[in-house]
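Everything on this sheet refers to the single structure shown next.
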Amino acid sequence: MEPILHGIILAFGLILPLGVQNVFVFSQGATQPKLLQALPATITAALCDTLLIVLAIFGLSVIVLQFEWLRISLMVVGILFLFYMGYAIWRSEPKAKETGKALSIRQQIVFALSVSLLNPHAILDIVGVIGTSALKYVGTEQFLFTIACILVSWIWFFGLTVAGAAMKRLDGTGALMNIFNKCSSIFIWGTAIYIAIGLR
(Lines give C-alpha, C1' and ligand atoms only; values in the text may rest on other atoms or scores of the structure.)
Protein backbone atom coordinates (compact mmCIF):
# COMPACT_ATOMS: atom_id res chain seq x y z
CA MET A 1 0.00 0.00 0.00
CA GLU A 2 2.86 2.43 0.71
CA PRO A 3 4.00 2.75 -2.96
CA ILE A 4 0.39 3.37 -4.06
CA LEU A 5 -0.27 6.04 -1.41
CA HIS A 6 3.12 7.62 -2.03
CA GLY A 7 2.42 7.76 -5.79
CA ILE A 8 -1.06 9.25 -5.32
CA ILE A 9 0.03 11.92 -2.83
CA LEU A 10 3.14 12.84 -4.82
CA ALA A 11 1.31 13.03 -8.16
CA PHE A 12 -1.53 15.14 -6.73
CA GLY A 13 0.98 17.46 -5.08
CA LEU A 14 2.74 18.05 -8.40
CA ILE A 15 -0.33 18.28 -10.65
CA LEU A 16 -2.68 20.39 -8.48
CA PRO A 17 -0.96 23.79 -8.82
CA LEU A 18 -2.19 25.94 -11.71
CA GLY A 19 0.11 25.46 -14.67
CA VAL A 20 0.17 25.85 -18.45
CA GLN A 21 -0.91 22.25 -19.04
CA ASN A 22 -3.83 22.52 -16.60
CA VAL A 23 -4.90 25.89 -18.02
CA PHE A 24 -4.95 24.51 -21.56
CA VAL A 25 -6.93 21.37 -20.73
CA PHE A 26 -9.44 23.38 -18.67
CA SER A 27 -9.83 25.97 -21.44
CA GLN A 28 -10.64 23.27 -23.99
CA GLY A 29 -13.46 22.01 -21.81
CA ALA A 30 -14.72 25.60 -21.63
CA THR A 31 -14.38 26.53 -25.31
CA GLN A 32 -15.26 23.40 -27.25
CA PRO A 33 -18.94 23.14 -28.36
CA LYS A 34 -19.30 19.70 -26.74
CA LEU A 35 -17.42 17.91 -23.97
CA LEU A 36 -16.43 15.05 -26.29
CA GLN A 37 -14.77 17.52 -28.67
CA ALA A 38 -12.35 18.56 -25.89
CA LEU A 39 -11.13 15.00 -25.33
CA PRO A 40 -8.23 15.09 -27.86
CA ALA A 41 -6.49 17.69 -25.65
CA THR A 42 -7.32 15.76 -22.48
CA ILE A 43 -6.11 12.40 -23.76
CA THR A 44 -2.96 13.87 -25.35
CA ALA A 45 -1.99 15.65 -22.11
CA ALA A 46 -2.59 12.47 -20.09
CA LEU A 47 -0.61 10.34 -22.55
CA CYS A 48 2.30 12.81 -22.44
CA ASP A 49 2.33 12.69 -18.64
CA THR A 50 2.21 8.90 -18.77
CA LEU A 51 5.18 8.86 -21.15
CA LEU A 52 7.19 11.29 -18.99
CA ILE A 53 6.39 9.37 -15.80
CA VAL A 54 7.47 6.04 -17.33
CA LEU A 55 10.64 7.54 -18.82
CA ALA A 56 11.48 9.31 -15.55
CA ILE A 57 11.02 6.22 -13.42
CA PHE A 58 12.97 4.01 -15.77
CA GLY A 59 16.05 6.16 -16.23
CA LEU A 60 15.43 9.55 -17.90
CA SER A 61 15.90 11.41 -14.63
CA VAL A 62 19.43 10.01 -14.31
CA ILE A 63 20.33 11.20 -17.84
CA VAL A 64 18.88 14.72 -17.51
CA LEU A 65 20.36 15.32 -14.05
CA GLN A 66 23.80 14.19 -15.27
CA PHE A 67 24.08 16.71 -18.12
CA GLU A 68 23.78 20.35 -17.07
CA TRP A 69 23.69 21.58 -20.69
CA LEU A 70 20.70 19.34 -21.41
CA ARG A 71 18.81 20.63 -18.38
CA ILE A 72 19.52 24.27 -19.32
CA SER A 73 18.55 23.67 -22.96
CA LEU A 74 15.20 22.22 -21.89
CA MET A 75 14.65 25.17 -19.58
CA VAL A 76 15.42 27.80 -22.25
CA VAL A 77 13.12 26.19 -24.82
CA GLY A 78 10.43 25.91 -22.16
CA ILE A 79 10.76 29.57 -21.13
CA LEU A 80 10.39 30.79 -24.73
CA PHE A 81 7.38 28.56 -25.20
CA LEU A 82 5.74 29.83 -21.98
CA PHE A 83 6.06 33.43 -23.18
CA TYR A 84 4.42 32.46 -26.48
CA MET A 85 1.60 30.55 -24.76
CA GLY A 86 0.92 33.48 -22.43
CA TYR A 87 0.65 35.80 -25.42
CA ALA A 88 -1.65 33.42 -27.31
CA ILE A 89 -3.98 32.98 -24.32
CA TRP A 90 -4.03 36.74 -23.62
CA ARG A 91 -5.07 37.46 -27.22
CA SER A 92 -7.88 34.90 -27.22
CA GLU A 93 -11.31 36.42 -26.62
CA PRO A 94 -14.04 33.84 -25.87
CA LYS A 95 -17.56 35.09 -26.48
CA ALA A 96 -20.97 33.78 -25.67
CA LYS A 97 -22.01 30.82 -27.83
CA GLU A 98 -19.02 31.32 -30.12
CA THR A 99 -17.80 27.97 -31.35
CA GLY A 100 -16.23 28.87 -34.68
CA LYS A 101 -12.86 29.61 -33.11
CA ALA A 102 -12.67 26.36 -31.12
CA LEU A 103 -9.45 24.48 -31.83
CA SER A 104 -9.60 21.57 -34.26
CA ILE A 105 -8.57 18.06 -33.20
CA ARG A 106 -5.15 18.53 -34.82
CA GLN A 107 -4.61 21.90 -33.13
CA GLN A 108 -5.64 20.48 -29.75
CA ILE A 109 -3.17 17.61 -30.09
CA VAL A 110 -0.30 19.88 -31.21
CA PHE A 111 -0.91 22.40 -28.41
CA ALA A 112 -1.35 19.66 -25.80
CA LEU A 113 1.91 18.05 -26.91
CA SER A 114 3.62 21.45 -26.68
CA VAL A 115 2.34 22.42 -23.22
CA SER A 116 3.18 18.95 -21.93
CA LEU A 117 6.59 18.27 -23.49
CA LEU A 118 7.94 21.85 -23.64
CA ASN A 119 6.82 22.79 -20.14
CA PRO A 120 9.95 22.97 -17.96
CA HIS A 121 7.97 22.74 -14.72
CA ALA A 122 6.24 19.54 -15.82
CA ILE A 123 9.49 17.99 -17.02
CA LEU A 124 11.47 18.94 -13.93
CA ASP A 125 8.67 17.88 -11.58
CA ILE A 126 8.23 14.51 -13.23
CA VAL A 127 11.89 13.82 -13.95
CA GLY A 128 13.35 15.38 -10.82
CA VAL A 129 10.71 14.47 -8.24
CA ILE A 130 8.79 11.41 -9.42
CA GLY A 131 11.85 9.89 -11.10
CA THR A 132 14.04 10.22 -8.04
CA SER A 133 11.25 9.22 -5.62
CA ALA A 134 10.78 5.98 -7.54
CA LEU A 135 14.39 4.99 -6.86
CA LYS A 136 13.41 3.76 -3.39
CA TYR A 137 11.20 1.05 -4.92
CA VAL A 138 12.01 -2.04 -6.96
CA GLY A 139 10.00 -4.68 -8.76
CA THR A 140 6.29 -4.83 -7.93
CA GLU A 141 6.45 -1.83 -5.59
CA GLN A 142 7.95 0.35 -8.33
CA PHE A 143 5.24 -0.83 -10.74
CA LEU A 144 2.47 0.07 -8.24
CA PHE A 145 4.06 3.47 -7.63
CA THR A 146 4.15 4.11 -11.39
CA ILE A 147 0.51 3.07 -11.92
CA ALA A 148 -0.66 5.28 -9.04
CA CYS A 149 1.07 8.35 -10.52
CA ILE A 150 -0.37 7.65 -13.97
CA LEU A 151 -3.94 7.13 -12.68
CA VAL A 152 -3.87 10.44 -10.80
CA SER A 153 -2.78 12.20 -13.99
CA TRP A 154 -5.60 10.73 -16.11
CA ILE A 155 -8.30 11.37 -13.48
CA TRP A 156 -7.10 14.96 -12.98
CA PHE A 157 -7.11 15.89 -16.67
CA PHE A 158 -10.56 14.42 -17.28
CA GLY A 159 -11.78 16.28 -14.18
CA LEU A 160 -10.35 19.56 -15.50
CA THR A 161 -12.12 19.08 -18.83
CA VAL A 162 -15.46 18.46 -17.12
CA ALA A 163 -14.91 21.50 -14.87
CA GLY A 164 -14.21 23.67 -17.92
CA ALA A 165 -17.40 22.47 -19.60
CA ALA A 166 -19.37 23.19 -16.41
CA MET A 167 -17.96 26.72 -16.24
CA LYS A 168 -19.01 27.34 -19.84
CA ARG A 169 -22.62 26.53 -18.94
CA LEU A 170 -22.49 28.98 -16.02
CA ASP A 171 -20.72 31.69 -18.02
CA GLY A 172 -23.28 32.71 -20.61
CA THR A 173 -21.51 35.90 -21.70
CA GLY A 174 -17.95 34.60 -21.91
CA ALA A 175 -16.79 37.30 -19.46
CA LEU A 176 -15.67 34.81 -16.81
CA MET A 177 -13.57 32.90 -19.33
CA ASN A 178 -12.04 36.17 -20.50
CA ILE A 179 -10.94 36.99 -16.95
CA PHE A 180 -9.64 33.44 -16.53
CA ASN A 181 -7.57 33.78 -19.72
CA LYS A 182 -6.02 37.09 -18.62
CA CYS A 183 -5.15 35.73 -15.17
CA SER A 184 -3.75 32.56 -16.74
CA SER A 185 -1.54 34.59 -19.10
CA ILE A 186 -0.14 36.64 -16.23
CA PHE A 187 0.53 33.47 -14.25
CA ILE A 188 2.26 31.83 -17.24
CA TRP A 189 4.47 34.89 -17.85
CA GLY A 190 5.29 35.01 -14.15
CA THR A 191 6.30 31.34 -14.26
CA ALA A 192 8.55 31.98 -17.28
CA ILE A 193 10.23 34.95 -15.55
CA TYR A 194 10.71 32.94 -12.34
CA ILE A 195 12.36 30.08 -14.23
CA ALA A 196 14.54 32.52 -16.23
CA ILE A 197 15.77 34.19 -13.01
CA GLY A 198 16.70 30.76 -11.67
CA LEU A 199 18.94 30.15 -14.70
CA ARG A 200 21.39 32.92 -13.74
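A note on labels: chains of the C-alpha coordinates are A, B, ... as shown, every chain counts residues from 1, and ligands are counted from 1 in their shown order.
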
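Excluding Ala134 (chain A) itself and same-chain residues fewer than 5 positions from it, the residues having an atom within 9 Å of it are Pro3, Gly7, Ala56, Ile57, Phe58, Val129, Gln142, Phe145 and Thr146 of chain A, counting only C-alpha atoms.
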
Would you kindly return, as a PyMOL selection string, each protein, DNA or RNA residue with an atom no farther than 10 Å from any atom of Leu144 (chain A), considering only C-alpha atoms and excluding same-chain residues fewer than 2 positions away? chain A and resi 1-7+137-142+146-150

Expected file: the selected residues, N, CA, C and O atoms, as a short mmCIF file (atom, residue, chain, number, x, y, z; two decimals), in the first residue's frame:
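So the final result, stored in result28.cif, reads:
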```cif
data_model
loop_
_atom_site.label_atom_id
_atom_site.label_comp_id
_atom_site.auth_asym_id
_atom_site.auth_seq_id
_atom_site.Cartn_x
_atom_site.Cartn_y
_atom_site.Cartn_z
N MET A 1 0.82 -1.22 0.00
CA MET A 1 0.00 0.00 0.00
C MET A 1 0.85 1.27 0.00
O MET A 1 0.45 2.30 -0.53
N GLU A 2 2.03 1.22 0.61
CA GLU A 2 2.86 2.43 0.71
C GLU A 2 3.23 3.01 -0.66
O GLU A 2 3.08 4.22 -0.87
N PRO A 3 3.67 2.18 -1.65
CA PRO A 3 4.00 2.75 -2.96
C PRO A 3 2.80 3.42 -3.63
O PRO A 3 2.94 4.45 -4.28
N ILE A 4 1.59 2.82 -3.45
CA ILE A 4 0.39 3.37 -4.06
C ILE A 4 0.05 4.73 -3.43
O ILE A 4 -0.19 5.72 -4.14
N LEU A 5 0.03 4.78 -2.10
CA LEU A 5 -0.27 6.04 -1.41
C LEU A 5 0.78 7.10 -1.71
O LEU A 5 0.45 8.27 -1.93
N HIS A 6 2.03 6.69 -1.73
CA HIS A 6 3.12 7.62 -2.03
C HIS A 6 2.94 8.19 -3.44
O HIS A 6 3.06 9.41 -3.66
N GLY A 7 2.62 7.32 -4.41
CA GLY A 7 2.42 7.76 -5.79
C GLY A 7 1.25 8.71 -5.93
O GLY A 7 1.33 9.74 -6.62
N TYR A 137 11.98 2.27 -4.70
CA TYR A 137 11.20 1.05 -4.92
C TYR A 137 11.82 0.19 -6.01
O TYR A 137 12.48 0.70 -6.92
N VAL A 138 11.57 -1.10 -5.92
CA VAL A 138 12.01 -2.04 -6.96
C VAL A 138 10.89 -3.03 -7.23
O VAL A 138 10.02 -3.25 -6.41
N GLY A 139 10.94 -3.62 -8.42
CA GLY A 139 10.00 -4.68 -8.76
C GLY A 139 8.55 -4.27 -8.71
O GLY A 139 8.15 -3.24 -9.26
N THR A 140 7.73 -5.05 -8.01
CA THR A 140 6.29 -4.83 -7.93
C THR A 140 5.96 -3.48 -7.29
O THR A 140 5.04 -2.79 -7.73
N GLU A 141 6.71 -3.10 -6.27
CA GLU A 141 6.45 -1.83 -5.59
C GLU A 141 6.66 -0.64 -6.54
O GLU A 141 5.89 0.32 -6.54
N GLN A 142 7.70 -0.72 -7.36
CA GLN A 142 7.95 0.35 -8.33
C GLN A 142 6.83 0.40 -9.37
O GLN A 142 6.40 1.48 -9.79
N THR A 146 4.31 3.56 -10.04
CA THR A 146 4.15 4.11 -11.39
C THR A 146 2.68 4.19 -11.79
O THR A 146 2.22 5.23 -12.28
N ILE A 147 1.93 3.11 -11.57
CA ILE A 147 0.51 3.07 -11.92
C ILE A 147 -0.27 4.12 -11.14
O ILE A 147 -1.16 4.79 -11.69
N ALA A 148 0.03 4.29 -9.87
CA ALA A 148 -0.66 5.28 -9.04
C ALA A 148 -0.46 6.69 -9.59
O ALA A 148 -1.41 7.48 -9.71
N CYS A 149 0.77 7.02 -9.96
CA CYS A 149 1.07 8.35 -10.52
C CYS A 149 0.32 8.57 -11.83
O CYS A 149 -0.24 9.65 -12.08
N ILE A 150 0.29 7.55 -12.67
CA ILE A 150 -0.37 7.65 -13.97
C ILE A 150 -1.88 7.82 -13.81
O ILE A 150 -2.52 8.65 -14.49
#
```

CA of Ser27 (chain A) to CA of Ile79 (chain A) measures 20.9 Å

All residues 10 Å or closer to Leu47 (chain A), only C-alpha atoms, same chain fewer than 6 positions away omitted, as JSON, numbers by chain: {"A": [41, 53, 112, 113, 116, 150, 153, 154]}

Choose the residue, out of A:Val152, A:Leu82, A:Ala166, A:Val110, that has the smallest atom-to-atom separation from Ala11 (chain A); count only C-alpha atoms.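 Among the listed residues, the smallest separation from Ala11 (chain A) belongs to A:Val152.
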
Kindly indicate which residue among A:Ser133, A:Gly86, A:Val23, A:Ser114 lies nearest to Ile9 (chain A), using only C-alpha atoms for the distances. A:Ser133

For Ala30 (chain A), the closest of A:Leu151, A:Val115, A:Leu103, A:Ile130 counting only C-alpha atoms is A:Leu103

Judged by only C-alpha atoms, the minimum distance to Leu35 (chain A) among A:Phe187, A:Phe111, A:Phe143, A:Phe158 is found for A:Phe158

Looking at A:Asn178, A:Gln66, A:Gln107, A:Thr161, which one is nearest to Leu39 (chain A), with distances taken over only C-alpha atoms? A:Thr161

Using only C-alpha atoms, which residues sit within 9 Å of Leu160 (chain A) once same-chain residues fewer than 6 positions away are excluded, as a VMD selection string? chain A and resid 22 to 23 25 to 27 29 42

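Closest to Thr50 (chain A) among A:Tyr84, A:Tyr194, A:Phe180, A:Phe157 is A:Phe157, based on only C-alpha atoms.
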